[in-house]
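What follows is the content of final_32.txt, which has compact mmCIF, C-alpha atoms:
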```txt
# COMPACT_ATOMS: atom_id res chain seq x y z
CA MET G 1 0.01 -24.88 21.35
CA THR G 2 2.27 -21.97 22.21
CA PRO G 3 0.46 -19.74 24.70
CA VAL G 4 -0.47 -16.25 23.63
CA GLY G 5 1.43 -13.58 25.53
CA ARG G 6 4.60 -15.68 25.66
CA ALA G 7 8.05 -14.25 26.27
CA HIS G 8 10.44 -14.57 23.34
CA SER G 9 13.96 -15.84 23.59
CA CYS G 10 15.44 -13.45 21.02
CA SER G 11 17.98 -11.13 22.56
CA ARG G 12 17.73 -8.22 20.11
CA VAL G 13 14.99 -5.67 20.53
CA ALA G 14 13.88 -2.57 18.67
CA PRO G 15 15.77 0.66 19.14
CA ALA G 16 14.10 3.19 21.38
CA ARG G 17 11.13 4.82 19.72
CA ARG G 18 8.47 7.15 21.02
CA LEU G 19 5.24 5.18 21.25
CA SER G 20 1.96 7.02 21.55
CA ARG G 21 -0.18 6.54 24.64
CA ARG G 22 -2.95 5.22 22.41
CA THR G 23 -0.65 2.59 20.89
CA LEU G 24 0.60 1.47 24.30
CA LEU G 25 -2.94 1.23 25.64
CA ARG G 26 -4.07 -0.74 22.60
CA ALA G 27 -1.16 -3.15 22.97
CA SER G 28 -1.80 -3.56 26.71
CA ALA G 29 -5.49 -4.18 26.16
CA ALA G 30 -4.76 -6.84 23.55
CA THR G 31 -2.36 -8.57 25.94
CA ALA G 32 -4.93 -8.49 28.76
CA VAL G 33 -7.63 -10.01 26.54
CA ALA G 34 -5.25 -12.80 25.50
CA ALA G 35 -4.27 -13.47 29.12
CA VAL G 36 -7.90 -13.79 30.20
CA ALA G 37 -8.58 -16.18 27.31
CA GLY G 38 -5.53 -18.23 28.26
CA CYS G 39 -6.76 -18.62 31.85
CA SER G 40 -10.30 -19.65 30.95
CA GLY G 41 -9.48 -23.34 30.58
CA ALA G 42 -9.93 -23.38 26.81
CA PRO G 43 -6.91 -23.84 24.54
CA PRO G 44 -5.48 -20.38 23.84
CA ALA G 45 -6.39 -18.98 20.46
CA ILE G 46 -3.77 -18.14 17.84
CA GLN G 47 -3.50 -14.37 18.02
CA VAL G 48 -3.29 -12.40 14.76
CA ALA G 49 -2.62 -8.65 14.61
CA VAL G 50 -3.83 -6.81 11.50
CA VAL G 51 -4.11 -3.23 10.26
CA TRP G 52 -7.58 -3.81 8.86
CA SER G 53 -10.76 -2.40 10.30
CA GLY G 54 -14.42 -2.18 9.27
CA GLY G 55 -15.41 -4.39 6.35
CA GLU G 56 -11.88 -5.69 5.73
CA LEU G 57 -11.58 -6.82 9.34
CA ALA G 58 -14.98 -8.49 9.26
CA ARG G 59 -14.16 -10.35 6.04
CA PHE G 60 -10.82 -11.58 7.37
CA ARG G 61 -12.54 -12.92 10.47
CA GLU G 62 -14.82 -14.88 8.14
CA VAL G 63 -11.70 -16.28 6.45
CA VAL G 64 -10.10 -17.63 9.66
CA VAL G 65 -13.36 -19.24 10.77
CA GLY G 66 -12.39 -21.92 8.24
CA TYR G 67 -9.17 -22.76 10.09
CA ASP G 68 -9.21 -25.86 12.32
CA ALA G 69 -8.03 -24.03 15.47
CA GLY G 70 -9.24 -20.98 17.33
CA VAL G 71 -8.00 -17.64 15.98
CA GLN G 72 -8.25 -14.28 17.73
CA VAL G 73 -7.95 -11.30 15.36
CA ILE G 74 -6.83 -7.95 16.78
CA SER G 75 -7.00 -4.69 14.85
CA ALA G 76 -3.77 -2.90 15.73
CA GLY G 77 -4.68 0.42 14.10
CA ASN G 78 -2.89 2.23 11.29
CA ASP G 79 0.57 2.11 12.91
CA ILE G 80 0.94 -1.63 13.33
CA ASP G 81 4.72 -1.21 13.49
CA ALA G 82 4.45 0.83 16.70
CA PHE G 83 1.91 -1.66 18.09
CA LEU G 84 4.17 -4.65 17.43
CA ARG G 85 7.27 -2.91 18.79
CA ALA G 86 5.39 -2.18 22.02
CA ARG G 87 4.31 -5.84 22.26
CA GLN G 88 7.84 -7.02 21.48
CA LEU G 89 9.33 -4.82 24.18
CA ALA G 90 6.77 -6.24 26.62
CA GLY G 91 7.54 -9.82 25.56
CA THR G 92 3.94 -10.36 24.41
CA SER G 93 4.14 -10.49 20.61
CA PRO G 94 1.18 -12.07 18.83
CA ASP G 95 1.54 -15.39 17.03
CA VAL G 96 0.96 -13.83 13.60
CA ALA G 97 0.86 -10.34 12.13
CA ILE G 98 -0.26 -9.17 8.71
CA LEU G 99 2.00 -6.33 7.64
CA PRO G 100 1.31 -3.69 4.97
CA ARG G 101 5.00 -3.12 4.15
CA SER G 102 7.51 -5.66 2.91
CA GLY G 103 10.31 -3.64 4.47
CA LEU G 104 8.95 -4.45 7.93
CA VAL G 105 9.20 -8.18 7.21
CA ILE G 106 12.90 -7.90 6.43
CA ASP G 107 13.53 -5.59 9.40
CA TYR G 108 11.81 -7.91 11.88
CA ALA G 109 13.49 -11.00 10.41
CA ARG G 110 16.96 -9.50 10.82
CA ARG G 111 16.16 -8.60 14.42
CA GLY G 112 15.38 -12.26 15.10
CA TRP G 113 11.69 -11.63 15.80
CA LEU G 114 10.25 -13.95 13.13
CA ARG G 115 9.99 -17.65 12.39
CA GLU G 116 11.06 -19.10 9.05
CA LEU G 117 8.06 -20.17 6.96
CA THR G 118 7.02 -22.75 4.41
CA THR G 119 4.11 -22.22 2.02
CA ALA G 120 1.23 -24.31 0.71
CA PRO G 121 1.90 -26.17 -2.58
CA SER G 122 -0.63 -23.91 -4.36
CA TYR G 123 1.23 -20.70 -3.44
CA ALA G 124 2.38 -19.03 -6.68
CA LEU G 125 3.16 -15.36 -7.29
CA PRO G 126 3.55 -13.01 -10.25
CA PRO G 127 7.04 -11.74 -11.11
CA GLY G 128 8.05 -8.80 -8.97
CA MET G 129 6.65 -10.16 -5.70
CA ALA G 130 8.34 -13.53 -5.28
CA ASP G 131 11.59 -12.59 -3.53
CA LEU G 132 10.61 -9.59 -1.41
CA LEU G 133 9.91 -11.43 1.86
CA SER G 134 13.16 -13.34 2.26
CA ALA G 135 16.27 -12.47 4.25
CA ASP G 136 19.57 -14.31 3.92
CA GLY G 137 17.91 -16.86 1.64
CA ARG G 138 15.11 -17.71 4.12
CA ARG G 139 11.41 -16.95 3.75
CA TYR G 140 9.85 -14.99 6.61
CA GLY G 141 6.58 -13.79 5.07
CA VAL G 142 3.89 -14.80 2.59
CA TRP G 143 1.69 -12.49 0.54
CA VAL G 144 -1.99 -12.77 1.41
CA LYS G 145 -3.53 -9.71 -0.27
CA ALA G 146 -2.57 -7.61 -3.29
CA ALA G 147 -3.38 -4.12 -4.53
CA HIS G 148 -3.33 -2.98 -8.16
CA LYS G 149 -1.84 0.51 -7.92
CA SER G 150 -1.76 1.69 -11.55
CA LEU G 151 -5.37 2.78 -12.09
CA PHE G 152 -7.27 5.93 -12.94
CA TRP G 153 -11.02 6.07 -12.19
CA TYR G 154 -13.52 8.14 -14.17
CA PHE G 155 -17.10 8.28 -15.46
CA PRO G 156 -17.42 7.78 -19.24
CA SER G 157 -20.10 10.51 -19.33
CA MET G 158 -17.42 13.02 -18.27
CA PHE G 159 -15.06 12.20 -21.16
CA PRO G 160 -15.53 9.23 -23.48
CA ALA G 161 -11.92 8.52 -24.52
CA PRO G 162 -9.40 8.13 -21.67
CA PRO G 163 -5.77 9.18 -22.31
CA ARG G 164 -3.40 6.42 -23.30
CA THR G 165 -0.08 8.26 -22.91
CA TRP G 166 1.37 10.74 -20.43
CA ASP G 167 1.28 13.57 -22.97
CA GLN G 168 -2.40 12.89 -23.60
CA LEU G 169 -3.07 12.99 -19.84
CA VAL G 170 -1.31 16.34 -19.51
CA ALA G 171 -3.21 17.76 -22.50
CA LEU G 172 -6.54 16.56 -21.09
CA THR G 173 -5.74 18.02 -17.67
CA ARG G 174 -4.89 21.40 -19.20
CA ARG G 175 -8.09 21.43 -21.27
CA LEU G 176 -10.32 20.46 -18.34
CA GLY G 177 -8.41 22.80 -16.01
CA ALA G 178 -9.13 25.75 -18.32
CA ARG G 179 -12.83 24.85 -18.31
CA ALA G 180 -12.83 24.57 -14.52
CA ARG G 181 -11.23 28.01 -14.15
CA SER G 182 -13.96 29.52 -16.31
CA GLY G 183 -16.66 27.82 -14.22
CA ASP G 184 -17.66 25.57 -17.10
CA GLY G 185 -16.95 22.20 -15.47
CA PRO G 186 -15.31 20.29 -12.63
CA ALA G 187 -11.59 20.19 -11.98
CA PRO G 188 -9.77 17.48 -13.91
CA LEU G 189 -8.12 15.70 -10.96
CA ALA G 190 -8.97 14.75 -7.38
CA ILE G 191 -6.02 13.91 -5.14
CA GLY G 192 -5.78 13.05 -1.45
CA ALA G 193 -2.51 14.90 -0.89
CA ALA G 194 -3.08 14.97 2.89
CA ASP G 195 -2.11 11.28 2.77
CA GLY G 196 1.52 11.14 1.72
CA TRP G 197 1.21 7.58 0.40
CA VAL G 198 -1.10 8.83 -2.36
CA LEU G 199 1.69 11.08 -3.66
CA THR G 200 4.30 8.32 -3.44
CA ASP G 201 1.99 6.08 -5.50
CA TRP G 202 2.00 8.76 -8.22
CA PHE G 203 5.78 9.06 -8.05
CA GLU G 204 6.34 5.30 -8.25
CA ASN G 205 4.21 4.90 -11.37
CA VAL G 206 6.05 7.68 -13.17
CA LEU G 207 9.49 6.57 -11.98
CA ALA G 208 8.90 2.97 -13.09
CA ASP G 209 7.95 4.28 -16.52
CA VAL G 210 10.96 6.56 -17.07
CA ALA G 211 13.70 4.56 -15.31
CA PRO G 212 16.10 2.37 -17.30
CA PRO G 213 16.01 -1.41 -16.72
CA GLY G 214 17.06 -2.35 -13.22
CA TYR G 215 17.13 1.17 -11.75
CA TYR G 216 13.80 1.01 -9.88
CA GLU G 217 14.76 -2.26 -8.20
CA ALA G 218 18.26 -1.00 -7.38
CA LEU G 219 16.75 2.08 -5.75
CA ALA G 220 14.45 -0.12 -3.66
CA ARG G 221 17.44 -2.20 -2.52
CA GLY G 222 19.46 0.87 -1.56
CA GLU G 223 21.98 0.30 -4.36
CA ALA G 224 21.24 3.33 -6.57
CA ASP G 225 21.68 7.07 -6.18
CA TRP G 226 18.54 9.14 -5.59
CA ARG G 227 20.30 12.05 -7.34
CA SER G 228 20.38 10.14 -10.65
CA PRO G 229 18.55 11.49 -13.74
CA PRO G 230 15.50 9.13 -13.56
CA VAL G 231 14.40 10.65 -10.23
CA HIS G 232 14.75 14.18 -11.65
CA THR G 233 12.82 13.16 -14.76
CA ALA G 234 9.99 11.59 -12.74
CA LEU G 235 9.65 14.67 -10.54
CA ASP G 236 9.73 16.99 -13.56
CA ARG G 237 6.86 15.03 -15.10
CA LEU G 238 4.81 15.24 -11.92
CA ALA G 239 5.48 18.99 -11.74
CA GLU G 240 4.27 19.32 -15.31
CA LEU G 241 0.92 17.78 -14.40
CA TRP G 242 0.41 18.89 -10.79
CA GLY G 243 1.37 22.45 -11.70
CA VAL G 244 -1.50 22.83 -14.20
CA ASP G 245 -3.64 25.80 -13.15
CA GLY G 246 -7.05 24.54 -12.05
CA ALA G 247 -5.96 20.90 -11.84
CA PHE G 248 -7.51 20.23 -8.39
CA PRO G 249 -10.79 21.24 -6.70
CA GLY G 250 -9.99 24.28 -4.58
CA GLY G 251 -6.35 24.33 -5.70
CA GLY G 252 -3.19 22.78 -4.33
CA ARG G 253 -3.56 24.05 -0.78
CA ARG G 254 -7.03 22.53 -0.52
CA ALA G 255 -5.67 19.26 -1.96
CA LEU G 256 -3.12 19.14 0.87
CA LEU G 257 -6.04 19.07 3.32
CA THR G 258 -7.89 16.40 1.33
CA GLN G 259 -7.55 12.82 2.51
CA TYR G 260 -7.73 9.81 0.20
CA GLU G 261 -11.36 8.87 0.91
CA GLU G 262 -12.56 12.45 0.44
CA SER G 263 -10.80 12.59 -2.94
CA VAL G 264 -12.82 9.57 -4.08
CA ILE G 265 -16.02 11.24 -2.88
CA GLN G 266 -15.14 14.37 -4.86
CA VAL G 267 -15.35 12.27 -8.04
CA VAL G 268 -18.06 9.67 -7.42
CA HIS G 269 -20.51 11.71 -5.32
CA HIS G 270 -19.99 15.47 -5.63
CA ARG G 271 -18.58 15.36 -9.20
CA ARG G 272 -16.21 18.17 -8.27
CA ALA G 273 -13.42 16.38 -10.16
CA THR G 274 -13.40 14.38 -13.37
CA MET G 275 -10.91 11.62 -12.58
CA LEU G 276 -8.89 10.11 -9.78
CA PHE G 277 -5.72 8.05 -9.62
CA GLU G 278 -5.48 5.33 -6.99
CA ALA G 279 -5.54 1.59 -6.41
CA ASP G 280 -8.30 -0.99 -6.83
CA PHE G 281 -9.55 -0.25 -3.31
CA VAL G 282 -11.13 2.96 -4.67
CA ASP G 283 -13.99 0.67 -5.61
CA ASP G 284 -14.81 0.00 -1.93
CA VAL G 285 -15.26 3.73 -1.22
CA SER G 286 -17.11 4.25 -4.48
CA ARG G 287 -19.70 1.64 -3.64
CA ARG G 288 -20.54 3.44 -0.39
CA PHE G 289 -20.71 6.98 -1.77
CA ARG G 290 -21.52 6.73 -5.48
CA ARG G 291 -24.55 8.75 -6.54
CA GLY G 292 -26.62 7.72 -9.56
CA PRO G 293 -26.59 4.57 -11.68
CA GLU G 294 -23.39 5.23 -13.65
CA GLN G 295 -20.50 2.98 -12.66
CA PRO G 296 -16.96 4.39 -12.63
CA GLN G 297 -14.57 2.84 -15.13
CA THR G 298 -10.79 2.53 -15.05
CA PHE G 299 -7.83 3.04 -17.34
CA ARG G 300 -4.18 2.18 -16.76
CA PHE G 301 -1.80 4.83 -15.51
CA PRO G 302 -0.55 6.46 -18.73
CA GLY G 303 3.13 6.31 -19.54
CA ALA G 304 5.50 7.41 -22.25
CA ARG G 305 4.28 4.53 -24.43
CA VAL G 306 1.03 2.63 -24.86
CA ALA G 307 2.54 -0.86 -24.68
CA ASP G 308 4.79 -2.39 -22.00
CA ARG G 309 3.67 -0.04 -19.26
CA PRO G 310 4.85 -1.02 -15.77
CA LEU G 311 2.29 -2.20 -13.24
CA ILE G 312 2.79 -1.09 -9.63
CA VAL G 313 1.46 -3.45 -7.00
CA GLY G 314 1.22 -3.36 -3.22
CA GLY G 315 0.31 -6.06 -0.77
CA ASP G 316 -0.14 -7.34 2.76
CA ALA G 317 2.15 -10.07 4.07
CA ALA G 318 1.61 -12.56 6.89
CA VAL G 319 4.47 -13.36 9.29
CA ALA G 320 4.78 -15.69 12.30
CA PHE G 321 6.67 -14.56 15.38
CA ALA G 322 9.52 -16.59 16.82
CA GLY G 323 8.37 -19.25 19.24
CA SER G 324 4.97 -19.87 17.66
CA ALA G 325 4.84 -23.08 15.65
CA HIS G 326 1.05 -22.79 15.51
CA GLY G 327 1.40 -19.30 14.10
CA ALA G 328 3.62 -20.65 11.32
CA GLU G 329 1.04 -23.36 10.58
CA LEU G 330 -1.69 -20.72 10.27
CA VAL G 331 0.43 -18.65 7.89
CA ARG G 332 1.06 -21.72 5.73
CA TRP G 333 -2.71 -22.27 5.57
CA LEU G 334 -3.29 -18.61 4.63
CA SER G 335 -0.86 -19.00 1.72
CA GLY G 336 -3.09 -21.61 0.10
CA GLY G 337 -5.18 -20.78 -2.93
CA SER G 338 -8.50 -21.58 -1.25
CA ALA G 339 -8.05 -19.93 2.17
CA PHE G 340 -9.54 -16.59 1.15
CA GLY G 341 -12.60 -18.08 -0.55
CA PRO G 342 -15.05 -16.21 1.75
CA TRP G 343 -13.39 -12.87 0.92
CA LEU G 344 -13.33 -13.66 -2.81
CA ARG G 345 -17.05 -14.42 -2.71
CA ALA G 346 -17.80 -11.24 -0.78
CA GLY G 347 -15.83 -9.07 -3.22
CA GLY G 348 -13.30 -6.34 -2.62
CA TYR G 349 -10.33 -8.74 -2.47
CA LEU G 350 -7.45 -9.24 -4.89
CA SER G 351 -5.26 -12.29 -4.31
CA PRO G 352 -1.54 -12.23 -5.09
CA ASN G 353 -1.76 -16.00 -5.61
CA VAL G 354 -1.98 -16.65 -9.35
CA SER G 355 -3.20 -20.22 -8.71
CA VAL G 356 -6.59 -18.82 -7.63
CA PRO G 357 -8.99 -19.45 -10.56
CA LEU G 358 -10.29 -16.22 -12.09
CA ALA G 359 -13.78 -17.74 -11.98
CA ASP G 360 -13.60 -17.65 -8.16
CA TYR G 361 -13.81 -13.85 -8.25
CA ARG G 362 -17.46 -12.89 -7.92
CA ASP G 363 -16.41 -9.23 -8.13
CA PRO G 364 -15.99 -8.40 -11.86
CA VAL G 365 -13.61 -5.50 -11.16
CA ARG G 366 -11.22 -7.71 -9.18
CA ARG G 367 -11.55 -10.53 -11.74
CA ARG G 368 -10.35 -8.21 -14.50
CA LEU G 369 -7.55 -6.77 -12.37
CA ALA G 370 -6.40 -10.24 -11.28
CA ALA G 371 -6.10 -11.20 -14.94
CA GLU G 372 -4.09 -8.05 -15.62
CA LEU G 373 -1.76 -8.82 -12.71
CA ARG G 374 -1.00 -12.21 -14.28
CA THR G 375 -0.34 -10.91 -17.79
CA ALA G 376 1.60 -7.69 -17.04
CA GLU G 377 5.09 -7.81 -18.50
CA MET G 378 6.59 -5.36 -15.97
CA VAL G 379 5.44 -5.71 -12.34
CA ARG G 380 7.08 -3.44 -9.78
CA PHE G 381 6.31 -3.51 -6.07
CA ASP G 382 5.44 -0.33 -4.17
CA LEU G 383 8.78 1.45 -3.67
CA SER G 384 7.97 3.37 -0.48
CA ASP G 385 6.89 0.13 1.24
CA ARG G 386 10.36 -1.30 0.61
CA LEU G 387 12.44 1.59 1.94
CA PRO G 388 14.20 1.18 5.30
CA GLY G 389 13.38 2.77 8.62
CA PRO G 390 11.64 6.15 8.74
CA PHE G 391 12.46 6.78 5.06
CA THR G 392 9.56 4.47 4.15
CA GLY G 393 7.20 7.21 5.28
CA SER G 394 4.36 7.87 7.67
CA ASP G 395 2.42 10.98 8.60
CA GLY G 396 4.79 13.93 8.49
CA VAL G 397 8.04 12.01 7.96
CA GLY G 398 10.08 10.19 5.33
CA ILE G 399 9.24 10.04 1.67
CA TRP G 400 5.59 10.90 2.43
CA ARG G 401 6.59 14.31 3.81
CA ILE G 402 9.12 14.90 1.04
CA MET G 403 6.50 14.32 -1.64
CA GLN G 404 4.06 16.62 0.19
CA ASP G 405 6.72 19.34 0.26
CA PHE G 406 7.27 18.83 -3.46
CA PHE G 407 3.51 18.97 -4.14
CA THR G 408 3.31 22.21 -2.14
CA ASP G 409 6.10 23.73 -4.23
CA VAL G 410 4.75 22.86 -7.67
CA THR G 411 1.17 23.90 -6.86
CA ASP G 412 2.36 27.15 -5.27
CA GLY G 413 4.24 28.57 -8.23
CA VAL G 414 7.77 27.27 -7.57
CA SER G 415 9.45 26.35 -10.85
CA ALA G 416 9.62 22.68 -11.73
CA GLY G 417 13.42 22.71 -11.80
CA THR G 418 13.74 24.29 -8.37
CA ALA G 419 11.08 22.04 -6.83
CA SER G 420 12.71 18.92 -8.29
CA ARG G 421 16.17 19.87 -7.05
CA ARG G 422 14.82 20.47 -3.54
CA ALA G 423 13.03 17.13 -3.51
CA VAL G 424 16.04 15.20 -4.83
CA THR G 425 18.25 16.74 -2.15
CA GLN G 426 15.75 15.72 0.55
CA LEU G 427 15.39 12.19 -0.86
CA ALA G 428 19.14 11.62 -1.03
CA ALA G 429 19.63 12.92 2.52
CA ALA G 430 16.80 10.75 3.87
CA ALA G 431 18.21 7.69 2.10
CA ARG G 432 21.68 8.26 3.60
CA SER G 433 20.20 8.77 7.06
CA ALA G 434 18.21 5.53 6.84
CA GLY G 435 21.02 3.54 5.24
CA GLY G 436 18.86 3.04 2.15
CA GLY G 437 20.97 4.45 -0.66
CA ARG G 438 22.97 7.54 -1.69
```
Entire entry expressed as structure tokens:
Amino acid sequence: MTPVGRAHSCSRVAPARRLSRRTLLRASAATAVAAVAGCSGAPPAIQVAVVWSGGELARFREVVVGYDAGVQVISAGNDIDAFLRARQLAGTSPDVAILPRSGLVIDYARRGWLRELTTAPSYALPPGMADLLSADGRRYGVWVKAAHKSLFWYFPSMFPAPPRTWDQLVALTRRLGARARSGDGPAPLAIGAADGWVLTDWFENVLADVAPPGYYEALARGEADWRSPPVHTALDRLAELWGVDGAFPGGGRRALLTQYEESVIQVVHHRRATMLFEADFVDDVSRRFRRGPEQPQTFRFPGARVADRPLIVGGDAAVAFAGSAHGAELVRWLSGGSAFGPWLRAGGYLSPNVSVPLADYRDPVRRRLAAELRTAEMVRFDLSDRLPGPFTGSDGVGIWRIMQDFFTDVTDGVSAGTASRRAVTQLAAAARSAGGGR
């Protein structure tokens, strides 16, 4: 077994990047723990770095208990990229990492950090996810967790008939916004605009709906121009909705201080908003904070048409670092249809593997969403997760910051046309800077 804390033979390393003291300390502590384990006389465990914490971390640890070798799971925090770069620079990369962005898989593979992978025979994916983890014709990652990112959440007691088209959503938002301004009801929408990824999820759903065939994928690959009409159209649509007076509890400026989890609480606990857009993981927060017996329901993100609406998905991918054959073996095991049985039984997990029987989902919400993932005619993977370098976004930078600037404009009285032009200019400049388009 390859020892944890090994030095890698690859000669290319990450470009210089400012790493926070907390990240460096976390990486050093993880290395020290691995070194102590390696000197104890027991075979060194396979080390896996993940972004998960809390319940997700606990459930994944239950998953790897079923593997036939020791596995040490380390929570790397929200910025796993910084954590792994620090470990790589120190020559102490883990055996395996589970990454929340497909773009990182390609970046690490081209730097020579990763090991080529094979998958279990039962590994099968829906269209739109199959080819995102390969570089130069070689597979360097496997999908282990999926997220359905085209959902609105609401209580039927608040409005019985959910909108089926974009125009219906705008009309409903205006009607409920007028009631909220008069003090006769909650705001129509909750939004965690303090988290830039929430705003990019909105943008991706609208863009996938308005873009002509092939444009969304070309943009993700850096082959299309961000100044093209579909981007303008998508931003204009968002401005039309986000600019509705009374759309958000406390207004746009308050929304920019609202994080994702708080936005869920505004709907399911305080009832300060009528509906919320976000992925299937809303259900995890709802279970902890929901008040009363009524269960929130979902409807698909409305588009220009009722049929053939695109489905946006996200996901977490497992990679094995160069030099770790045992890490590659663990990743192959994780790609199997039965590996995540404990998480399926516990609920709160959506598998990207379409070979997993729907009956294995004890969670009825995930069972329904898994079926939808398999039958959707248009599946598009999260665009911001595929963008290169800093353009992909994080707190205060990249597409996250650009969308927050755009949200600020349209909720602060800037005309839709002006706000859209500003955002398009920023997007095109960021793409050029990152080498991700024009």
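Comparing the minimum interatomic distances between Val71 (chain G) and each of G:Glu329, G:Asp385, G:Glu116, G:Glu372, counting all atoms listed in the file, we find that G:Glu329 sits nearest.
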Subject >> Within 12 Å of Ala430 (chain G) using all atoms listed in the file, minus same-chain residues under 2 positions, as a PyMOL selection string >> reply: chain G and resi 222+225-227+387-393+397-402+423-428+432-438
Original post:
Just how far from CA of Ile191 (chain G) is CA of Leu104 (chain G), in Å to one decimal?
Top reply: 27.1 Å
Subject >> Between CA of Pro213 (chain G) and CA of Glu278 (chain G) - distance in Å to one decimal >> reply: 24.5 Å
Original post:
Expressed in Å to a single decimal, how great is the separation between CA of Arg374 (chain G) and CA of Arg138 (chain G)?
Top reply: 25.1 Å
Original post:
Excluding same-chain residues fewer than 6 positions from region 265-271 of chain G, what lies within 6 Å of it counting all atoms listed in the file, as number ranges by chain?
Top reply: G: 289-291
Per-axis box centre and lengths in Å around region 205-223 of chain G, 8 Å margin per side, axis-aligned, as lines of an AutoDock Vina configuration file:
```
center_x = 13.1
center_y = 2.7
center_z = -9.4
size_x = 33.8
size_y = 26.0
size_z = 31.7
```
**OP:** Can you pull out every residue within 8 Å of Asp280 (chain G), counting all atoms listed in the file, but drop anything in the same chain fewer than 4 positions away, and send it as an MDAnalysis selection string?
**Re:** chainID G and resid 147:149 151 366
Original post:
Counting all atoms listed in the file, which of G:Ala193, G:Ala120, G:Val313, G:Leu235 gets nearest to Arg254 (chain G)?
Top reply: G:Ala193
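The smallest atom-to-atom distance between Phe281 (chain G) and any of G:Gly250, G:Gly91, G:Gly348, G:Gly70, using all atoms listed in the file, is found for G:Gly348.
Proximity to Leu373 (chain G) was assessed for G:Ser150, G:Ser394, G:Gln404, G:Gln295 counting all atoms listed in the file; the smallest distance is recorded for G:Ser150.
Ranking G:Asn353, G:Ala45, G:Ser415, G:Gly54 by their shortest atom-to-atom distance to Phe340 (chain G), with all atoms listed in the file included, puts G:Asn353 first.
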If I put a ball of radius 9 Å at (10.8, -19.1, 9.8) in the file's coordinates, which residues poke into it when counting all atoms listed in the file, written as a PDB file with C-alpha atoms, in the coordinates of the input?
```
ATOM      1  CA  ALA G 109      13.490 -11.000  10.410  1.00  0.00           C
ATOM      2  CA  LEU G 114      10.250 -13.950  13.130  1.00  0.00           C
ATOM      3  CA  ARG G 115       9.990 -17.650  12.390  1.00  0.00           C
ATOM      4  CA  GLU G 116      11.060 -19.100   9.050  1.00  0.00           C
ATOM      5  CA  LEU G 117       8.060 -20.170   6.960  1.00  0.00           C
ATOM      6  CA  THR G 118       7.020 -22.750   4.410  1.00  0.00           C
ATOM      7  CA  ARG G 138      15.110 -17.710   4.120  1.00  0.00           C
ATOM      8  CA  ARG G 139      11.410 -16.950   3.750  1.00  0.00           C
ATOM      9  CA  TYR G 140       9.850 -14.990   6.610  1.00  0.00           C
ATOM     10  CA  GLY G 141       6.580 -13.790   5.070  1.00  0.00           C
ATOM     11  CA  VAL G 319       4.470 -13.360   9.290  1.00  0.00           C
ATOM     12  CA  ALA G 320       4.780 -15.690  12.300  1.00  0.00           C
ATOM     13  CA  PHE G 321       6.670 -14.560  15.380  1.00  0.00           C
ATOM     14  CA  ALA G 322       9.520 -16.590  16.820  1.00  0.00           C
ATOM     15  CA  ALA G 328       3.620 -20.650  11.320  1.00  0.00           C
TER      16      ALA G 328
END
```
